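Engineer: Quick one: this structure, given as C-alpha cells, is what I'll be asking you about.
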Protein chains: 2
Amino acid sequence: MRLSEGVEWAVHSCTLLAALPEGRALGPAELAAYFDVPKAYLAKQLQALSRAGILSATRGPSGGYRLARPTDKITLCDIVVTVEGPGTCFRCQEIRRRGPTGQPRRCYPEPCGIARAMWAAERVYLTELGKVTLAKLIAEAADEVSDEQQAATRRWLDRVA
Amino acid sequence: MRLSEGVEWAVHSCTLLAALPEGRALGPAELAAYFDVPKAYLAKQLQALSRAGILSATRGPSGGYRLARPTDKITLCDIVVTVEGPGTCFRCQEIRRRGPTGQPRRCYPEPCGIARAMWAAERVYLTELGKVTLAKLIAEAADEVSDEQQAATRRWLDRVA
C-alpha cells in the first residue's frame with residue numbers, strides 16, 4: 001500500500017500557501033519550482049484541491065492559488081482524500097462468492113466480515129489524519145524549520161508571490 | 001491508496017486453512033480453485049505468508065499449507081504487512097530540501113513534521129488491524145455465513161483436502 005507522491009506535494013504546497021501575504025497567490029509553475037517537482041502533475045493536485053474547496057483559484061496575470069479556508073479548518077485527512085480520490089484502500093472483490101462453493105447472492109446479505117474489519121481500520125486511519133490540521137503542522141514547523149530555511153522562504157515569497 | 005487484491009485472497013485463504021481437519025493441507029492450486037483466483041499470484045502470497053511464519057508448508061504428494069499458529073495469534077495486521085511488504089504508505093521524498101530555498105542537510109536534523117504525522121496515523125491503522133484476529137473473524141463468520149455455504153465448504157474440504 002502506498003500513497004502517491006502527490007500527497008507530500010499537496011501538503012507542502014498548502015503549508016507554503018499558508019505563508020502568503022494577504023492578496024497574493026502562487027500558481028502551479030511557482031509551486032513546482034519551489035519544490036522542484038513536475039509542474040503538470042502538481043497542477044493536477046492543485047486543481048483537485050481547488051475543486052475540494054481547500055484552495056481557491058484567482059485569475060488574471062497575478063492569479064494562482066490561495067488557501068480557501070483557515071489553516072485550522074484544513075486537515076491531513078482532507079488533503080489525502082482529495083489527492084488519493086474516492087474509494088476505500090481495501091476493495092472487496094467478494095471472492096467468498098466465487099468458485100465451486102459459491103452460493104446465490106441471497107446467501108450473502110451482509111458485507112463480508114473481513115471487508116468490514118478492513119474498512120473500520122481505514123476509518124480510524126482517516127480519523128487520525130483528521131486530527132492533524134495545517135495550523136498544527138505549521139506551528140510545529142515554526143519551531144523546527146531552520147532560520148536559514150525560513151529566511152530563504154521569505155525572500156523567495158517576496159520575490160515571486 | 002489501494003491495497004493489493006492479494007490481501008483479500010490471503011485473509012480468505014487463512015480462514016479456509018483454519019477449517020482444515022488435523023493433518024490435512026491445501027496447496028496453491030486448491031486454494032486458487034476454491035476462490036477462483038489466479039494460481040500464480042496466489043502462490044506468491046502463500047509463499048510470503050509461509051516465510052512470515054503465518055503458514056507452514058508441508059511437502060509430499062498430499063503437501064500444501066496449514067496455519068502455522070493458532071487463529072488467535074494471527075491478525076489482519078500480520079497478513080496485510082506480509083502481503084503489502086515492508087515500507088510505509090507515506091514515503092517522504094524530502095521535497096522540503098529541494099528547490100531554490102533548499103538548505104544544507106544539517107538544517108534538517110529531524111524528519112519533516114508532515115511525514116511524522118502521516119506515519120503516526122499509519123501506526124494507528126496497523127494497531128487497529130492488529131486487534132482483529134483470525135479467530136475473531138472466524139467466530140463472526142460462523143454466525144453470518146449461510147448454512148448452504150458452510151455445508152458446501154465442508155463437502156469441498158472432505159473431497160479435496
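Going by the C-alpha cells order, chains are called A, B, ..., each with residues numbered from 1, while ligands are numbered from 1 in the order shown.
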What are the residues of chain B lining chain A at 7 Å or less? Count only C-alpha atoms, and put the answer as JSON, numbers by chain.
Structural biologist: {"B": [1, 2, 3, 33, 34, 35, 36, 84, 89, 90, 95, 96, 98, 99, 100, 101, 102, 103, 107, 113, 114, 121, 122, 124, 125, 128, 129, 137, 141, 146, 149, 152, 153]}
Engineer: Would you save the residues from that selection as a compact mmCIF listing (two decimals), in the first residue's frame, using N, CA and C atoms?
Structural biologist:
# COMPACT_ATOMS: atom_id res chain seq x y z
N MET B 1 -4.77 5.54 -2.67
CA MET B 1 -4.15 4.47 -1.89
C MET B 1 -5.00 3.22 -2.00
N ARG B 2 -4.38 2.15 -2.37
CA ARG B 2 -5.15 0.94 -2.56
C ARG B 2 -4.33 -0.28 -2.13
N LEU B 3 -4.95 -1.14 -1.37
CA LEU B 3 -4.31 -2.40 -1.01
C LEU B 3 -4.41 -3.35 -2.19
N ALA B 33 -8.42 -22.59 -6.82
CA ALA B 33 -9.67 -23.11 -7.39
C ALA B 33 -10.85 -22.74 -6.49
N TYR B 34 -10.66 -22.85 -5.17
CA TYR B 34 -11.76 -22.56 -4.24
C TYR B 34 -12.23 -21.11 -4.40
N PHE B 35 -11.27 -20.20 -4.55
CA PHE B 35 -11.64 -18.78 -4.62
C PHE B 35 -11.71 -18.26 -6.06
N ASP B 36 -11.40 -19.14 -7.02
CA ASP B 36 -11.43 -18.75 -8.43
C ASP B 36 -10.56 -17.51 -8.67
N GLU B 84 1.62 -6.79 1.64
CA GLU B 84 1.99 -5.49 1.08
C GLU B 84 3.50 -5.24 1.12
N CYS B 89 3.25 3.60 3.99
CA CYS B 89 2.36 4.07 2.90
C CYS B 89 2.83 5.44 2.42
N PHE B 90 3.18 6.28 3.36
CA PHE B 90 3.68 7.61 3.00
C PHE B 90 5.19 7.53 2.90
N ILE B 95 10.91 16.72 -0.05
CA ILE B 95 10.85 17.82 -1.02
C ILE B 95 11.10 19.16 -0.33
N ARG B 96 11.04 19.18 1.00
CA ARG B 96 11.33 20.44 1.71
C ARG B 96 12.78 20.90 1.48
N ARG B 98 14.39 20.58 -1.37
CA ARG B 98 14.67 20.82 -2.79
C ARG B 98 14.45 22.27 -3.17
N GLY B 99 14.71 22.53 -4.42
CA GLY B 99 14.33 23.83 -5.00
C GLY B 99 15.23 24.96 -4.54
N PRO B 100 14.83 26.18 -4.90
CA PRO B 100 15.70 27.35 -4.70
C PRO B 100 15.93 27.72 -3.25
N THR B 101 15.09 27.24 -2.32
CA THR B 101 15.29 27.63 -0.91
C THR B 101 15.88 26.49 -0.09
N GLY B 102 16.20 25.37 -0.73
CA GLY B 102 16.75 24.22 -0.02
C GLY B 102 18.06 24.58 0.66
N GLN B 103 18.25 24.07 1.85
CA GLN B 103 19.43 24.39 2.65
C GLN B 103 20.29 23.12 2.82
N CYS B 107 20.58 21.44 8.18
CA CYS B 107 19.44 22.28 8.57
C CYS B 107 18.17 21.45 8.79
N GLY B 113 7.80 17.23 9.90
CA GLY B 113 6.60 17.04 10.72
C GLY B 113 5.44 16.44 9.95
N ILE B 114 5.37 16.74 8.66
CA ILE B 114 4.31 16.16 7.82
C ILE B 114 4.48 14.64 7.77
N ALA B 121 -0.29 8.19 11.93
CA ALA B 121 -1.62 7.69 11.57
C ALA B 121 -1.53 6.26 11.03
N GLU B 122 -0.47 5.97 10.29
CA GLU B 122 -0.29 4.60 9.80
C GLU B 122 -0.12 3.61 10.95
N VAL B 124 -1.40 3.86 13.85
CA VAL B 124 -2.72 3.67 14.44
C VAL B 124 -3.54 2.68 13.57
N TYR B 125 -3.42 2.83 12.26
CA TYR B 125 -4.12 1.91 11.33
C TYR B 125 -3.67 0.46 11.56
N GLU B 128 -4.88 -0.95 14.75
CA GLU B 128 -6.30 -1.32 14.64
C GLU B 128 -6.43 -2.69 13.96
N LEU B 129 -5.68 -2.86 12.88
CA LEU B 129 -5.71 -4.17 12.19
C LEU B 129 -5.17 -5.27 13.10
N LEU B 137 -12.53 -13.13 13.33
CA LEU B 137 -13.20 -13.14 12.02
C LEU B 137 -13.97 -14.46 11.82
N ALA B 141 -17.91 -15.05 11.35
CA ALA B 141 -18.38 -15.69 10.13
C ALA B 141 -19.28 -16.89 10.45
N SER B 146 -23.95 -18.39 5.46
CA SER B 146 -25.18 -19.17 5.32
C SER B 146 -24.92 -20.66 5.52
N GLN B 149 -23.58 -22.26 2.39
CA GLN B 149 -22.15 -22.05 2.12
C GLN B 149 -21.30 -22.92 3.05
N ALA B 152 -21.42 -26.47 1.85
CA ALA B 152 -20.67 -26.64 0.59
C ALA B 152 -19.17 -26.65 0.85
N THR B 153 -18.74 -25.80 1.78
CA THR B 153 -17.31 -25.75 2.10
C THR B 153 -16.87 -27.05 2.77
Engineer: Can you give me chain A superposed onto chain B, least-squares on all Cα in order, written as a PDB file with C-alpha atoms, in the first residue's frame?
Structural biologist:
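The new file out_2.pdb reads:
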ATOM      1  CA  MET A   1      -4.140   4.485  -1.855  1.00  0.00           C
ATOM      2  CA  ARG A   2      -5.138   0.940  -2.550  1.00  0.00           C
ATOM      3  CA  LEU A   3      -4.319  -2.383  -1.013  1.00  0.00           C
ATOM      4  CA  SER A   4      -3.499  -5.163  -3.421  1.00  0.00           C
ATOM      5  CA  GLU A   5      -6.101  -7.812  -4.193  1.00  0.00           C
ATOM      6  CA  GLY A   6      -3.696 -10.238  -2.594  1.00  0.00           C
ATOM      7  CA  VAL A   7      -4.740  -9.041   0.850  1.00  0.00           C
ATOM      8  CA  GLU A   8      -8.296 -10.283   0.342  1.00  0.00           C
ATOM      9  CA  TRP A   9      -7.035 -13.559  -1.096  1.00  0.00           C
ATOM     10  CA  ALA A  10      -4.555 -14.094   1.721  1.00  0.00           C
ATOM     11  CA  VAL A  11      -7.051 -13.414   4.514  1.00  0.00           C
ATOM     12  CA  HIS A  12      -9.687 -15.665   2.973  1.00  0.00           C
ATOM     13  CA  SER A  13      -7.084 -18.367   2.369  1.00  0.00           C
ATOM     14  CA  CYS A  14      -6.105 -18.236   6.022  1.00  0.00           C
ATOM     15  CA  THR A  15      -9.719 -18.526   7.182  1.00  0.00           C
ATOM     16  CA  LEU A  16     -10.198 -21.552   4.912  1.00  0.00           C
ATOM     17  CA  LEU A  17      -6.966 -23.154   6.124  1.00  0.00           C
ATOM     18  CA  ALA A  18      -8.244 -22.688   9.675  1.00  0.00           C
ATOM     19  CA  ALA A  19     -11.115 -25.049   8.816  1.00  0.00           C
ATOM     20  CA  LEU A  20      -8.800 -27.891   7.738  1.00  0.00           C
ATOM     21  CA  PRO A  21      -9.012 -31.160   9.624  1.00  0.00           C
ATOM     22  CA  GLU A  22      -5.929 -32.161  11.584  1.00  0.00           C
ATOM     23  CA  GLY A  23      -3.059 -33.335   9.399  1.00  0.00           C
ATOM     24  CA  ARG A  24      -4.519 -32.009   6.141  1.00  0.00           C
ATOM     25  CA  ALA A  25      -3.156 -29.247   3.959  1.00  0.00           C
ATOM     26  CA  LEU A  26      -4.156 -27.262   0.867  1.00  0.00           C
ATOM     27  CA  GLY A  27      -1.854 -26.285  -1.969  1.00  0.00           C
ATOM     28  CA  PRO A  28      -1.938 -23.172  -4.139  1.00  0.00           C
ATOM     29  CA  ALA A  29      -3.897 -24.973  -6.857  1.00  0.00           C
ATOM     30  CA  GLU A  30      -6.701 -25.989  -4.485  1.00  0.00           C
ATOM     31  CA  LEU A  31      -6.902 -22.603  -2.788  1.00  0.00           C
ATOM     32  CA  ALA A  32      -6.891 -20.816  -6.149  1.00  0.00           C
ATOM     33  CA  ALA A  33      -9.664 -23.109  -7.380  1.00  0.00           C
ATOM     34  CA  TYR A  34     -11.746 -22.573  -4.243  1.00  0.00           C
ATOM     35  CA  PHE A  35     -11.642 -18.782  -4.622  1.00  0.00           C
ATOM     36  CA  ASP A  36     -11.425 -18.761  -8.432  1.00  0.00           C
ATOM     37  CA  VAL A  37      -8.334 -16.517  -8.427  1.00  0.00           C
ATOM     38  CA  PRO A  38      -5.099 -16.800 -10.467  1.00  0.00           C
ATOM     39  CA  LYS A  39      -2.926 -19.556  -9.044  1.00  0.00           C
ATOM     40  CA  ALA A  40       0.456 -17.975  -9.806  1.00  0.00           C
ATOM     41  CA  TYR A  41      -0.284 -14.751  -7.946  1.00  0.00           C
ATOM     42  CA  LEU A  42      -1.947 -16.516  -5.021  1.00  0.00           C
ATOM     43  CA  ALA A  43       1.084 -18.827  -4.787  1.00  0.00           C
ATOM     44  CA  LYS A  44       3.275 -15.753  -4.264  1.00  0.00           C
ATOM     45  CA  GLN A  45       1.081 -14.583  -1.368  1.00  0.00           C
ATOM     46  CA  LEU A  46       1.131 -18.053   0.174  1.00  0.00           C
ATOM     47  CA  GLN A  47       4.921 -18.214  -0.048  1.00  0.00           C
ATOM     48  CA  ALA A  48       5.165 -14.821   1.613  1.00  0.00           C
ATOM     49  CA  LEU A  49       2.796 -15.921   4.390  1.00  0.00           C
ATOM     50  CA  SER A  50       4.930 -19.018   4.854  1.00  0.00           C
ATOM     51  CA  ARG A  51       8.157 -16.990   5.047  1.00  0.00           C
ATOM     52  CA  ALA A  52       6.455 -14.750   7.611  1.00  0.00           C
ATOM     53  CA  GLY A  53       5.645 -17.740   9.818  1.00  0.00           C
ATOM     54  CA  ILE A  54       1.875 -17.402   9.334  1.00  0.00           C
ATOM     55  CA  LEU A  55       1.587 -20.575   7.252  1.00  0.00           C
ATOM     56  CA  SER A  56       3.687 -23.704   7.344  1.00  0.00           C
ATOM     57  CA  ALA A  57       4.366 -25.696   4.209  1.00  0.00           C
ATOM     58  CA  THR A  58       4.280 -29.473   4.171  1.00  0.00           C
ATOM     59  CA  ARG A  59       5.916 -31.453   1.377  1.00  0.00           C
ATOM     60  CA  GLY A  60       4.985 -34.624  -0.391  1.00  0.00           C
ATOM     61  CA  PRO A  61       2.046 -35.722  -2.551  1.00  0.00           C
ATOM     62  CA  SER A  62      -0.524 -34.481  -0.013  1.00  0.00           C
ATOM     63  CA  GLY A  63       1.610 -31.436   0.803  1.00  0.00           C
ATOM     64  CA  GLY A  64       0.441 -27.879   0.963  1.00  0.00           C
ATOM     65  CA  TYR A  65      -0.152 -25.190   3.512  1.00  0.00           C
ATOM     66  CA  ARG A  66      -1.589 -25.123   6.990  1.00  0.00           C
ATOM     67  CA  LEU A  67      -1.756 -22.319   9.536  1.00  0.00           C
ATOM     68  CA  ALA A  68       1.502 -22.174  11.462  1.00  0.00           C
ATOM     69  CA  ARG A  69      -0.063 -20.576  14.535  1.00  0.00           C
ATOM     70  CA  PRO A  70      -3.383 -20.658  16.380  1.00  0.00           C
ATOM     71  CA  THR A  71      -6.009 -18.352  14.886  1.00  0.00           C
ATOM     72  CA  ASP A  72      -5.877 -16.035  17.895  1.00  0.00           C
ATOM     73  CA  LYS A  73      -2.189 -15.420  17.139  1.00  0.00           C
ATOM     74  CA  ILE A  74      -2.700 -14.272  13.551  1.00  0.00           C
ATOM     75  CA  THR A  75      -4.054 -10.780  12.921  1.00  0.00           C
ATOM     76  CA  LEU A  76      -5.110  -8.747   9.909  1.00  0.00           C
ATOM     77  CA  CYS A  77      -2.031  -6.622  10.575  1.00  0.00           C
ATOM     78  CA  ASP A  78       0.235  -9.669  10.199  1.00  0.00           C
ATOM     79  CA  ILE A  79      -1.359 -10.556   6.881  1.00  0.00           C
ATOM     80  CA  VAL A  80      -1.545  -7.023   5.451  1.00  0.00           C
ATOM     81  CA  VAL A  81       2.089  -6.292   6.300  1.00  0.00           C
ATOM     82  CA  THR A  82       3.165  -9.613   4.783  1.00  0.00           C
ATOM     83  CA  VAL A  83       1.269  -9.172   1.531  1.00  0.00           C
ATOM     84  CA  GLU A  84       1.985  -5.472   1.084  1.00  0.00           C
ATOM     85  CA  GLY A  85       5.621  -5.812   2.006  1.00  0.00           C
ATOM     86  CA  PRO A  86       7.805  -3.511   4.044  1.00  0.00           C
ATOM     87  CA  GLY A  87       7.765   0.250   3.865  1.00  0.00           C
ATOM     88  CA  THR A  88       5.362   2.927   4.951  1.00  0.00           C
ATOM     89  CA  CYS A  89       2.357   4.069   2.888  1.00  0.00           C
ATOM     90  CA  PHE A  90       3.664   7.613   2.988  1.00  0.00           C
ATOM     91  CA  ARG A  91       7.164   7.792   1.531  1.00  0.00           C
ATOM     92  CA  CYS A  92       8.818  11.078   2.396  1.00  0.00           C
ATOM     93  CA  GLN A  93      10.788  12.343  -0.582  1.00  0.00           C
ATOM     94  CA  GLU A  94      12.154  15.275   1.453  1.00  0.00           C
ATOM     95  CA  ILE A  95      10.846  17.806  -1.016  1.00  0.00           C
ATOM     96  CA  ARG A  96      11.333  20.437   1.712  1.00  0.00           C
ATOM     97  CA  ARG A  97      15.063  20.299   0.930  1.00  0.00           C
ATOM     98  CA  ARG A  98      14.664  20.797  -2.795  1.00  0.00           C
ATOM     99  CA  GLY A  99      14.342  23.827  -5.007  1.00  0.00           C
ATOM    100  CA  PRO A 100      15.711  27.341  -4.687  1.00  0.00           C
ATOM    101  CA  THR A 101      15.314  27.632  -0.904  1.00  0.00           C
ATOM    102  CA  GLY A 102      16.758  24.215  -0.015  1.00  0.00           C
ATOM    103  CA  GLN A 103      19.421  24.352   2.662  1.00  0.00           C
ATOM    104  CA  PRO A 104      22.332  22.065   3.562  1.00  0.00           C
ATOM    105  CA  ARG A 105      21.438  18.730   5.109  1.00  0.00           C
ATOM    106  CA  ARG A 106      22.430  19.842   8.617  1.00  0.00           C
ATOM    107  CA  CYS A 107      19.456  22.233   8.589  1.00  0.00           C
ATOM    108  CA  TYR A 108      17.056  19.249   8.691  1.00  0.00           C
ATOM    109  CA  PRO A 109      18.060  17.255  11.772  1.00  0.00           C
ATOM    110  CA  GLU A 110      14.573  15.808  12.291  1.00  0.00           C
ATOM    111  CA  PRO A 111      12.183  14.052   9.904  1.00  0.00           C
ATOM    112  CA  CYS A 112       9.637  16.492   8.487  1.00  0.00           C
ATOM    113  CA  GLY A 113       6.602  17.034  10.718  1.00  0.00           C
ATOM    114  CA  ILE A 114       4.316  16.142   7.812  1.00  0.00           C
ATOM    115  CA  ALA A 115       5.963  12.734   7.457  1.00  0.00           C
ATOM    116  CA  ARG A 116       5.850  12.184  11.215  1.00  0.00           C
ATOM    117  CA  ALA A 117       2.116  12.881  11.307  1.00  0.00           C
ATOM    118  CA  MET A 118       1.457  10.614   8.322  1.00  0.00           C
ATOM    119  CA  TRP A 119       3.470   7.790   9.865  1.00  0.00           C
ATOM    120  CA  ALA A 120       1.755   8.198  13.248  1.00  0.00           C
ATOM    121  CA  ALA A 121      -1.624   7.690  11.557  1.00  0.00           C
ATOM    122  CA  GLU A 122      -0.296   4.586   9.783  1.00  0.00           C
ATOM    123  CA  ARG A 123       0.788   3.136  13.110  1.00  0.00           C
ATOM    124  CA  VAL A 124      -2.731   3.659  14.432  1.00  0.00           C
ATOM    125  CA  TYR A 125      -4.126   1.915  11.328  1.00  0.00           C
ATOM    126  CA  LEU A 126      -1.863  -1.088  11.796  1.00  0.00           C
ATOM    127  CA  THR A 127      -2.616  -1.196  15.513  1.00  0.00           C
ATOM    128  CA  GLU A 128      -6.298  -1.318  14.646  1.00  0.00           C
ATOM    129  CA  LEU A 129      -5.718  -4.163  12.190  1.00  0.00           C
ATOM    130  CA  GLY A 130      -3.655  -5.877  14.877  1.00  0.00           C
ATOM    131  CA  LYS A 131      -6.717  -6.057  17.117  1.00  0.00           C
ATOM    132  CA  VAL A 132      -8.550  -8.239  14.597  1.00  0.00           C
ATOM    133  CA  THR A 133      -7.506 -11.863  14.898  1.00  0.00           C
ATOM    134  CA  LEU A 134      -8.415 -14.668  12.529  1.00  0.00           C
ATOM    135  CA  ALA A 135     -10.179 -16.236  15.510  1.00  0.00           C
ATOM    136  CA  LYS A 136     -12.446 -13.183  15.760  1.00  0.00           C
ATOM    137  CA  LEU A 137     -13.197 -13.151  12.024  1.00  0.00           C
ATOM    138  CA  ILE A 138     -13.962 -16.867  12.046  1.00  0.00           C
ATOM    139  CA  ALA A 139     -16.249 -16.579  15.082  1.00  0.00           C
ATOM    140  CA  GLU A 140     -18.196 -13.783  13.389  1.00  0.00           C
ATOM    141  CA  ALA A 141     -18.369 -15.709  10.141  1.00  0.00           C
ATOM    142  CA  ALA A 142     -19.750 -18.770  11.914  1.00  0.00           C
ATOM    143  CA  ASP A 143     -22.837 -16.722  12.756  1.00  0.00           C
ATOM    144  CA  GLU A 144     -23.095 -15.007   9.406  1.00  0.00           C
ATOM    145  CA  VAL A 145     -22.104 -17.438   6.689  1.00  0.00           C
ATOM    146  CA  SER A 146     -25.177 -19.179   5.317  1.00  0.00           C
ATOM    147  CA  ASP A 147     -25.812 -22.820   6.118  1.00  0.00           C
ATOM    148  CA  GLU A 148     -25.618 -23.599   2.389  1.00  0.00           C
ATOM    149  CA  GLN A 149     -22.133 -22.064   2.136  1.00  0.00           C
ATOM    150  CA  GLN A 150     -20.892 -23.802   5.261  1.00  0.00           C
ATOM    151  CA  ALA A 151     -22.150 -27.172   4.050  1.00  0.00           C
ATOM    152  CA  ALA A 152     -20.665 -26.653   0.585  1.00  0.00           C
ATOM    153  CA  THR A 153     -17.293 -25.763   2.104  1.00  0.00           C
ATOM    154  CA  ARG A 154     -17.322 -28.855   4.308  1.00  0.00           C
ATOM    155  CA  ARG A 155     -18.134 -31.074   1.324  1.00  0.00           C
ATOM    156  CA  TRP A 156     -15.372 -29.416  -0.721  1.00  0.00           C
ATOM    157  CA  LEU A 157     -12.804 -29.855   2.070  1.00  0.00           C
ATOM    158  CA  ASP A 158     -13.799 -33.502   2.532  1.00  0.00           C
ATOM    159  CA  ARG A 159     -13.218 -34.108  -1.150  1.00  0.00           C
ATOM    160  CA  VAL A 160     -10.110 -31.993  -1.807  1.00  0.00           C
ATOM    161  CA  ALA A 161      -8.048 -31.595   1.363  1.00  0.00           C
TER     162      ALA A 161
END
Engineer: Any chance you could list, as a list of chain:residue names, the residues in chain B that come up strand (DSSP E) when DSSP is run on the backbone?
Structural biologist: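 Here are the strand (DSSP E) residues of chain B: B:Leu55, B:Ser56, B:Ala57, B:Thr58, B:Gly64, B:Tyr65, B:Arg66, B:Leu67.
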Engineer: Generate a file of the selected residues that holds N, CA and C atoms, formatted as a CSV table (one decimal), in the first residue's frame.
Structural biologist:
chain,number,residue,atom,x,y,z
B,55,LEU,N,1.9,-19.3,7.8
B,55,LEU,CA,1.6,-20.6,7.3
B,55,LEU,C,2.8,-21.5,7.4
B,56,SER,N,2.6,-22.8,7.5
B,56,SER,CA,3.7,-23.7,7.4
B,56,SER,C,3.4,-24.6,6.1
B,57,ALA,N,4.5,-24.9,5.4
B,57,ALA,CA,4.4,-25.7,4.2
B,57,ALA,C,4.8,-27.2,4.5
B,58,THR,N,3.9,-28.1,4.0
B,58,THR,CA,4.3,-29.5,4.2
B,58,THR,C,4.6,-30.0,2.8
B,64,GLY,N,1.1,-29.2,1.2
B,64,GLY,CA,0.4,-27.9,1.0
B,64,GLY,C,0.7,-27.0,2.2
B,65,TYR,N,-0.3,-26.1,2.4
B,65,TYR,CA,-0.1,-25.2,3.5
B,65,TYR,C,-1.2,-25.5,4.6
B,66,ARG,N,-0.7,-25.2,5.8
B,66,ARG,CA,-1.6,-25.1,7.0
B,66,ARG,C,-1.3,-23.8,7.8
B,67,LEU,N,-2.1,-23.4,8.7
B,67,LEU,CA,-1.8,-22.3,9.5
B,67,LEU,C,-0.6,-22.8,10.4
Engineer: Going by DSSP on the backbone, which bits of stretch 21-156 of chain B are alpha helix (DSSP H)? Write them as a PyMOL selection string, please.
Structural biologist: chain B and resi 28-35+39-51+76-84+113-130+134-144+147-156
